[in-house]
$ cat final.cif   # mmCIF, C-alpha atoms
data_protein
loop_
_atom_site.group_PDB
_atom_site.id
_atom_site.type_symbol
_atom_site.label_atom_id
_atom_site.label_comp_id
_atom_site.auth_asym_id
_atom_site.auth_seq_id
_atom_site.Cartn_x
_atom_site.Cartn_y
_atom_site.Cartn_z
ATOM 1 C CA MET R 1 1.490 61.581 12.068
ATOM 2 C CA ASP R 2 0.610 63.931 14.957
ATOM 3 C CA TYR R 3 -2.387 65.806 16.334
ATOM 4 C CA ASP R 4 -1.413 69.198 14.891
ATOM 5 C CA THR R 5 -1.014 67.822 11.364
ATOM 6 C CA LEU R 6 -4.390 66.093 11.431
ATOM 7 C CA ASP R 7 -5.979 69.154 13.020
ATOM 8 C CA ARG R 8 -4.910 71.215 10.015
ATOM 9 C CA LEU R 9 -6.089 68.546 7.565
ATOM 10 C CA LEU R 10 -9.597 68.562 9.047
ATOM 11 C CA ARG R 11 -10.072 72.287 8.548
ATOM 12 C CA PRO R 12 -12.290 73.654 5.745
ATOM 13 C CA GLY R 13 -10.538 74.089 2.427
ATOM 14 C CA THR R 14 -8.335 71.005 2.747
ATOM 15 C CA PRO R 15 -8.771 68.269 0.100
ATOM 16 C CA ARG R 16 -11.243 65.671 1.346
ATOM 17 C CA GLU R 17 -8.811 62.804 0.759
ATOM 18 C CA ALA R 18 -5.979 64.371 2.801
ATOM 19 C CA PRO R 19 -6.929 63.032 6.283
ATOM 20 C CA ARG R 20 -7.494 59.529 4.903
ATOM 21 C CA ALA R 21 -4.114 59.515 3.150
ATOM 22 C CA SER R 22 -2.387 60.837 6.279
ATOM 23 C CA VAL R 23 -3.623 58.068 8.573
ATOM 24 C CA THR R 24 -3.015 55.199 6.138
ATOM 25 C CA GLY R 25 0.695 54.900 6.955
ATOM 26 C CA ALA R 26 0.023 54.542 10.684
ATOM 27 C CA LEU R 27 -2.529 51.799 10.015
ATOM 28 C CA GLU R 28 -0.150 49.961 7.702
ATOM 29 C CA ASP R 29 2.480 49.896 10.475
ATOM 30 C CA ILE R 30 -0.070 48.251 12.791
ATOM 31 C CA ALA R 31 -1.273 45.787 10.147
ATOM 32 C CA CYS R 32 2.227 44.432 9.509
ATOM 33 C CA GLY R 33 3.256 44.348 13.166
ATOM 34 C CA LYS R 34 5.785 47.167 12.863
ATOM 35 C CA ARG R 35 3.907 49.100 15.524
ATOM 36 C CA GLU R 36 2.767 47.120 18.551
ATOM 37 C CA LEU R 37 -0.675 48.536 19.181
ATOM 38 C CA ARG R 38 -3.720 46.608 20.385
ATOM 39 C CA ALA R 39 -7.286 47.479 19.475
ATOM 40 C CA VAL R 40 -9.554 48.235 22.426
ATOM 41 C CA ARG R 41 -13.040 46.713 22.636
ATOM 42 C CA HIS R 42 -15.272 49.649 23.529
ATOM 43 C CA PRO R 43 -18.354 48.920 25.684
ATOM 44 C CA LEU R 44 -20.545 50.554 23.000
ATOM 45 C CA GLY R 45 -19.657 47.846 20.474
ATOM 46 C CA PHE R 46 -16.815 49.162 18.314
ATOM 47 C CA LEU R 47 -13.036 48.800 18.232
ATOM 48 C CA CYS R 48 -10.799 51.744 19.092
ATOM 49 C CA LEU R 49 -7.229 52.207 17.845
ATOM 50 C CA PRO R 50 -5.578 54.817 20.117
ATOM 51 C CA LEU R 51 -2.985 56.260 17.727
ATOM 52 C CA VAL R 52 -1.841 59.439 19.507
ATOM 53 C CA ARG R 53 -1.931 60.671 23.090
ATOM 54 C CA ASP R 54 -0.522 64.181 23.583
ATOM 55 C CA GLY R 55 -1.526 65.525 26.998
ATOM 56 C CA ALA R 56 -5.145 66.649 26.779
ATOM 57 C CA ARG R 57 -5.275 65.789 23.063
ATOM 58 C CA GLY R 58 -5.669 62.433 21.351
ATOM 59 C CA VAL R 59 -6.247 60.728 18.005
ATOM 60 C CA CYS R 60 -8.117 57.445 17.565
ATOM 61 C CA VAL R 61 -9.589 55.396 14.759
ATOM 62 C CA HIS R 62 -12.973 53.834 15.533
ATOM 63 C CA LEU R 63 -13.947 50.683 13.611
ATOM 64 C CA PHE R 64 -17.650 49.791 13.457
ATOM 65 C CA GLY R 65 -19.204 46.582 12.162
ATOM 66 C CA THR R 66 -16.391 44.320 13.354
ATOM 67 C CA GLY R 67 -18.674 41.934 15.239
ATOM 68 C CA THR R 68 -17.761 43.447 18.614
ATOM 69 C CA ALA R 69 -20.735 43.104 20.955
ATOM 70 C CA ALA R 70 -21.868 46.085 22.998
ATOM 71 C CA ASP R 71 -21.987 45.773 26.775
ATOM 72 C CA PRO R 72 -25.730 45.620 27.605
ATOM 73 C CA THR R 73 -25.139 47.890 30.615
ATOM 74 C CA ALA R 74 -23.379 50.591 28.555
ATOM 75 C CA ALA R 75 -25.321 53.807 27.962
ATOM 76 C CA PRO R 76 -25.405 54.805 24.274
ATOM 77 C CA MET R 77 -26.482 58.402 25.055
ATOM 78 C CA HIS R 78 -23.562 60.252 26.600
ATOM 79 C CA ALA R 79 -21.609 63.516 26.768
ATOM 80 C CA HIS R 80 -17.823 63.770 26.491
ATOM 81 C CA SER R 81 -15.534 65.874 28.637
ATOM 82 C CA TRP R 82 -13.676 66.615 25.416
ATOM 83 C CA GLU R 83 -14.519 68.283 22.139
ATOM 84 C CA LEU R 84 -14.207 66.113 19.047
ATOM 85 C CA ARG R 85 -14.006 66.182 15.300
ATOM 86 C CA SER R 86 -14.747 62.984 13.457
ATOM 87 C CA TYR R 87 -13.744 62.273 9.840
ATOM 88 C CA VAL R 88 -15.431 59.328 8.129
ATOM 89 C CA LEU R 89 -12.802 57.064 6.560
ATOM 90 C CA TYR R 90 -15.389 54.775 4.943
ATOM 91 C CA GLY R 91 -19.037 53.846 5.333
ATOM 92 C CA ARG R 92 -21.651 56.105 6.876
ATOM 93 C CA VAL R 93 -21.966 57.244 10.482
ATOM 94 C CA GLY R 94 -24.897 59.017 12.118
ATOM 95 C CA ASN R 95 -24.720 61.443 15.018
ATOM 96 C CA LEU R 96 -27.911 61.592 17.088
ATOM 97 C CA PRO R 97 -28.112 64.783 19.179
ATOM 98 C CA VAL R 98 -29.971 64.496 22.479
ATOM 99 C CA THR R 99 -31.620 67.502 24.109
ATOM 100 C CA VAL R 100 -31.418 67.189 27.893
ATOM 101 C CA THR R 101 -33.632 69.304 30.150
ATOM 102 C CA ASP R 102 -33.610 69.326 33.934
ATOM 103 C CA GLU R 103 -37.192 68.285 34.592
ATOM 104 C CA ALA R 104 -38.468 67.225 38.012
ATOM 105 C CA ARG R 105 -42.071 66.489 36.950
ATOM 106 C CA THR R 106 -41.586 64.018 34.085
ATOM 107 C CA PRO R 107 -37.977 62.851 34.119
ATOM 108 C CA THR R 108 -36.935 60.102 31.724
ATOM 109 C CA HIS R 109 -33.329 59.499 32.792
ATOM 110 C CA ARG R 110 -30.789 59.958 35.544
ATOM 111 C CA ILE R 111 -27.388 61.526 34.882
ATOM 112 C CA PHE R 112 -24.412 59.270 35.599
ATOM 113 C CA GLU R 113 -20.812 60.451 35.921
ATOM 114 C CA VAL R 114 -18.237 58.271 34.174
ATOM 115 C CA PHE R 115 -14.757 57.867 35.636
ATOM 116 C CA SER R 116 -12.233 56.022 33.481
ATOM 117 C CA ALA R 117 -9.172 54.311 34.960
ATOM 118 C CA PRO R 118 -5.941 53.549 33.069
ATOM 119 C CA SER R 119 -6.711 49.855 33.607
ATOM 120 C CA GLY R 120 -9.638 50.129 31.185
ATOM 121 C CA VAL R 121 -12.383 50.090 33.813
ATOM 122 C CA ASP R 122 -15.126 52.711 33.495
ATOM 123 C CA GLU R 123 -17.050 53.376 36.693
ATOM 124 C CA LEU R 124 -20.525 54.844 36.210
ATOM 125 C CA ARG R 125 -21.803 56.640 39.311
ATOM 126 C CA PRO R 126 -25.433 57.832 39.577
ATOM 127 C CA THR R 127 -26.019 61.466 40.482
ATOM 128 C CA ALA R 128 -29.060 63.161 42.002
ATOM 129 C CA ARG R 129 -29.782 64.923 38.700
ATOM 130 C CA LEU R 130 -32.968 63.740 36.957
ATOM 131 C CA VAL R 131 -33.594 64.950 33.408
ATOM 132 C CA HIS R 132 -35.978 64.684 30.482
ATOM 133 C CA CYS R 133 -34.322 63.819 27.164
ATOM 134 C CA GLU R 134 -35.489 64.212 23.560
ATOM 135 C CA PRO R 135 -33.318 62.476 20.925
ATOM 136 C CA GLY R 136 -32.944 63.455 17.298
ATOM 137 C CA PRO R 137 -33.094 63.914 14.498
ATOM 138 C CA ALA R 138 -29.855 62.206 13.473
ATOM 139 C CA ALA R 139 -27.406 63.761 11.019
ATOM 140 C CA SER R 140 -25.579 61.298 8.780
ATOM 141 C CA SER R 141 -22.020 61.755 7.471
ATOM 142 C CA GLY R 142 -20.517 59.726 4.629
ATOM 143 C CA SER R 143 -17.006 58.894 3.492
ATOM 144 C CA GLY R 144 -14.747 61.948 3.385
ATOM 145 C CA GLU R 145 -17.061 64.108 5.502
ATOM 146 C CA THR R 146 -16.298 65.591 8.921
ATOM 147 C CA TYR R 147 -18.575 66.454 11.833
ATOM 148 C CA SER R 148 -17.815 68.180 15.135
ATOM 149 C CA LEU R 149 -19.218 67.891 18.637
ATOM 150 C CA PRO R 150 -18.550 70.278 21.543
ATOM 151 C CA ALA R 151 -17.690 69.006 25.009
ATOM 152 C CA GLY R 152 -20.710 68.449 27.232
ATOM 153 C CA GLU R 153 -23.260 67.869 24.449
ATOM 154 C CA PHE R 154 -25.268 64.652 24.764
ATOM 155 C CA HIS R 155 -25.416 62.453 21.698
ATOM 156 C CA ALA R 156 -25.356 58.867 20.442
ATOM 157 C CA THR R 157 -23.478 57.394 17.496
ATOM 158 C CA VAL R 158 -25.684 55.520 15.025
ATOM 159 C CA VAL R 159 -24.309 52.979 12.551
ATOM 160 C CA THR R 160 -26.455 50.583 10.521
ATOM 161 C CA ARG R 161 -25.967 47.028 11.736
ATOM 162 C CA GLY R 162 -23.922 44.954 9.320
ATOM 163 C CA GLN R 163 -22.591 48.020 7.490
ATOM 164 C CA PRO R 164 -18.865 48.565 8.169
ATOM 165 C CA ALA R 165 -17.713 52.088 8.906
ATOM 166 C CA ALA R 166 -14.641 53.784 10.340
ATOM 167 C CA THR R 167 -13.898 57.243 11.680
ATOM 168 C CA LEU R 168 -10.747 59.193 12.440
ATOM 169 C CA VAL R 169 -11.435 61.003 15.726
ATOM 170 C CA LEU R 170 -9.562 63.989 17.153
ATOM 171 C CA GLY R 171 -10.352 64.827 20.766
ATOM 172 C CA ARG R 172 -9.229 67.625 23.092
ATOM 173 C CA SER R 173 -10.160 67.478 26.784
ATOM 174 C CA LEU R 174 -11.428 70.692 28.343
ATOM 175 C CA PRO R 175 -11.124 71.667 32.009
ATOM 176 C CA GLY R 176 -14.315 71.757 34.017
ATOM 177 C CA HIS R 177 -16.025 68.955 32.108
ATOM 178 C CA THR R 178 -16.822 65.403 33.241
ATOM 179 C CA ASP R 179 -17.802 62.421 31.097
ATOM 180 C CA LEU R 180 -21.541 61.832 31.551
ATOM 181 C CA SER R 181 -24.121 59.273 30.449
ATOM 182 C CA LEU R 182 -27.904 58.927 30.570
ATOM 183 C CA GLY R 183 -29.087 55.942 32.564
ATOM 184 C CA PRO R 184 -32.293 54.559 34.093
ATOM 185 C CA LEU R 185 -34.094 56.659 36.690
ATOM 186 C CA HIS R 186 -33.517 54.022 39.344
ATOM 187 C CA GLY R 187 -30.245 52.666 37.961
ATOM 188 C CA ARG R 188 -27.366 51.818 40.240
ATOM 189 C CA GLY R 189 -23.684 52.444 39.872
ATOM 190 C CA HIS R 190 -21.809 49.856 37.856
ATOM 191 C CA ARG R 191 -18.651 49.244 35.868
ATOM 192 C CA THR R 192 -17.830 48.458 32.273
ATOM 193 C CA VAL R 193 -14.469 47.188 31.020
ATOM 194 C CA ARG R 194 -12.477 48.102 27.896
ATOM 195 C CA ARG R 195 -10.574 44.934 26.980
ATOM 196 C CA LEU R 196 -7.620 44.679 24.616
ATOM 197 C CA CYS R 197 -7.685 42.519 21.493
ATOM 198 C CA GLY R 198 -4.800 40.192 20.759
ATOM 199 C CA ALA R 199 -2.064 41.102 18.292
ATOM 200 C CA GLU R 200 -3.345 38.764 15.573
ATOM 201 C CA GLN R 201 -6.928 39.981 15.787
ATOM 202 C CA THR R 202 -5.797 43.619 15.785
ATOM 203 C CA GLU R 203 -3.597 43.179 12.707
ATOM 204 C CA ARG R 204 -6.273 41.209 10.849
ATOM 205 C CA THR R 205 -8.939 43.810 11.623
ATOM 206 C CA VAL R 206 -6.692 46.688 10.549
ATOM 207 C CA ARG R 207 -5.831 44.927 7.285
ATOM 208 C CA THR R 208 -9.544 44.637 6.545
ATOM 209 C CA ALA R 209 -10.007 48.339 7.323
ATOM 210 C CA LEU R 210 -7.111 49.240 5.014
ATOM 211 C CA ARG R 211 -8.679 47.336 2.128
ATOM 212 C CA ARG R 212 -11.841 49.384 2.575
ATOM 213 C CA ILE R 213 -9.854 52.613 2.795
ATOM 214 C CA HIS R 214 -7.967 51.786 -0.398
ATOM 215 C CA ALA R 215 -11.261 50.984 -2.117
ATOM 216 C CA GLU R 216 -12.534 54.456 -1.156
ATOM 217 C CA GLN R 217 -9.372 56.042 -2.559
ATOM 218 C CA ARG R 218 -9.867 54.310 -5.910
ATOM 219 C CA GLU R 219 -13.427 55.540 -6.306
#
$ encode --input "final.cif" --output "structure tokens"
Amino acid sequence: MDYDTLDRLLRPGTPREAPRASVTGALEDIACGKRELRAVRHPLGFLCLPLVRDGARGVCVHLFGTGTAADPTAAPMHAHSWELRSYVLYGRVGNLPVTVTDEARTPTHRIFEVFSAPSGVDELRPTARLVHCEPGPAASSGSGETYSLPAGEFHATVVTRGQPAATLVLGRSLPGHTDLSLGPLHGRGHRTVRRLCGAEQTERTVRTALRRIHAEQRE
């Protein structure tokens, strides 16, 4: 499994089941311990499986509804420095677009720059930029559907609490872009940490995800 193969499978005209079938083998290797990969607890409350890293390009699987608590200081409305395409493996995932306008008279948020270190620490630094934001409406994607998001566009991911979901995410970093988030007007700089799960928890969680994927394939 590589980025180029999955990139082709997510293009229009490809059978909807093809991306799901392609990623299943990689997940099975993790579930049985053949591949030593640890899930990452994301500050926004989901688990990330970083499957491929190829320079500016990467492939991850995001697992929602695993009981992972969100960091209360994490900002759900953010903009990536990379463009993404997200394929829903199972469940339903909403993408909430956020319109951001530079507005000095009635600002609602401050822009923060996000700098991520290899250690898993994300440093959020406040900028002087004050903006007014208007969220919505959300667009929902179900199993087998794909949605795209350009670099620099503010959004939030919306998943119904208690409803498991998983996405296959392809990302490609673009020069000239910085990861950004929307924070309080008077918020201060702070850090969030992406911690690794243990081997047993990772394998158990991936096995559960595989059962749900197989159930989708049978339907």
$ closest_residue --input "final.cif" --among "R:Ser116, R:Ser22, R:Thr99, R:Thr66" --to "Val193 (chain R)" --atoms "only C-alpha atoms"
R:Ser116
$ residues_around --input "final.cif" --residues "Ser181 (chain R)" --least-positions-apart "5" --cutoff "8 Å" --atoms "only C-alpha atoms" --output "short mmCIF file (atom, residue, chain, number, x, y, z; two decimals) with C-alpha atoms, in the coordinates of the input"
data_model
loop_
_atom_site.label_atom_id
_atom_site.label_comp_id
_atom_site.auth_asym_id
_atom_site.auth_seq_id
_atom_site.Cartn_x
_atom_site.Cartn_y
_atom_site.Cartn_z
CA ALA R 75 -25.32 53.81 27.96
CA PRO R 76 -25.40 54.80 24.27
CA MET R 77 -26.48 58.40 25.06
CA HIS R 78 -23.56 60.25 26.60
CA ALA R 79 -21.61 63.52 26.77
CA ILE R 111 -27.39 61.53 34.88
CA PHE R 112 -24.41 59.27 35.60
CA GLU R 113 -20.81 60.45 35.92
CA VAL R 114 -18.24 58.27 34.17
CA PHE R 154 -25.27 64.65 24.76
#
$ residues_around --input "final.cif" --residues "region 91-98 of chain R" --least-positions-apart "5" --cutoff "12 Å" --atoms "only C-alpha atoms" --output "ChimeraX atom specification"
/R:62-65,76-79,85-86,109,131-150,152-168,181-182,209,212-213,215-216
$ closest_residue --input "final.cif" --among "R:Ala26, R:Ala151, R:Leu185, R:Ala39" --to "Pro126 (chain R)" --atoms "all atoms listed in the file"
R:Leu185
$ closest_residue --input "final.cif" --among "R:Asp122, R:Glu28, R:Glu103, R:Asp71" --to "Val206 (chain R)" --atoms "all atoms listed in the file"
R:Glu28
$ residues_around --input "final.cif" --residues "Leu37 (chain R)" --least-positions-apart "4" --cutoff "9 Å" --atoms "all atoms listed in the file" --output "list in words"
Ile30, Gly33, Leu49, Pro50, Leu51, Ala199, Thr202 and Glu203 of chain R
$ residues_around --input "final.cif" --residues "Asp54 (chain R)" --least-positions-apart "6" --cutoff "12 Å" --atoms "only C-alpha atoms" --output "PyMOL selection string"
chain R and resi 1-4+60+170-173
$ write_last_selection --input "final.cif" --atoms "C-alpha atoms" --output "mmCIF file, keeping the file's coordinate frame"
data_model
loop_
_atom_site.group_PDB
_atom_site.id
_atom_site.type_symbol
_atom_site.label_atom_id
_atom_site.label_comp_id
_atom_site.auth_asym_id
_atom_site.auth_seq_id
_atom_site.Cartn_x
_atom_site.Cartn_y
_atom_site.Cartn_z
ATOM 1 C CA MET R 1 1.490 61.581 12.068
ATOM 2 C CA ASP R 2 0.610 63.931 14.957
ATOM 3 C CA TYR R 3 -2.387 65.806 16.334
ATOM 4 C CA ASP R 4 -1.413 69.198 14.891
ATOM 5 C CA CYS R 60 -8.117 57.445 17.565
ATOM 6 C CA LEU R 170 -9.562 63.989 17.153
ATOM 7 C CA GLY R 171 -10.352 64.827 20.766
ATOM 8 C CA ARG R 172 -9.229 67.625 23.092
ATOM 9 C CA SER R 173 -10.160 67.478 26.784
#
$ closest_residue --input "final.cif" --among "R:Asp179, R:Asp29, R:Asp102, R:Glu123" --to "Thr192 (chain R)" --atoms "only C-alpha atoms"
R:Glu123
$ atom_distance --input "final.cif" --atom1 "CA of Asp7 (chain R)" --atom2 "CA of Val169 (chain R)"
10.2 Å
$ resolve_selection --input "final.cif" --expression "the PyMOL selection byres ((chain R and resi 41) around 10)" --output "ChimeraX atom specification"
/R:38-40,42-49,63,68-71,120,193-197
$ closest_residue --input "final.cif" --among "R:Val59, R:Gln201, R:Thr106, R:Pro184" --to "Thr5 (chain R)" --atoms "all atoms listed in the file"
R:Val59
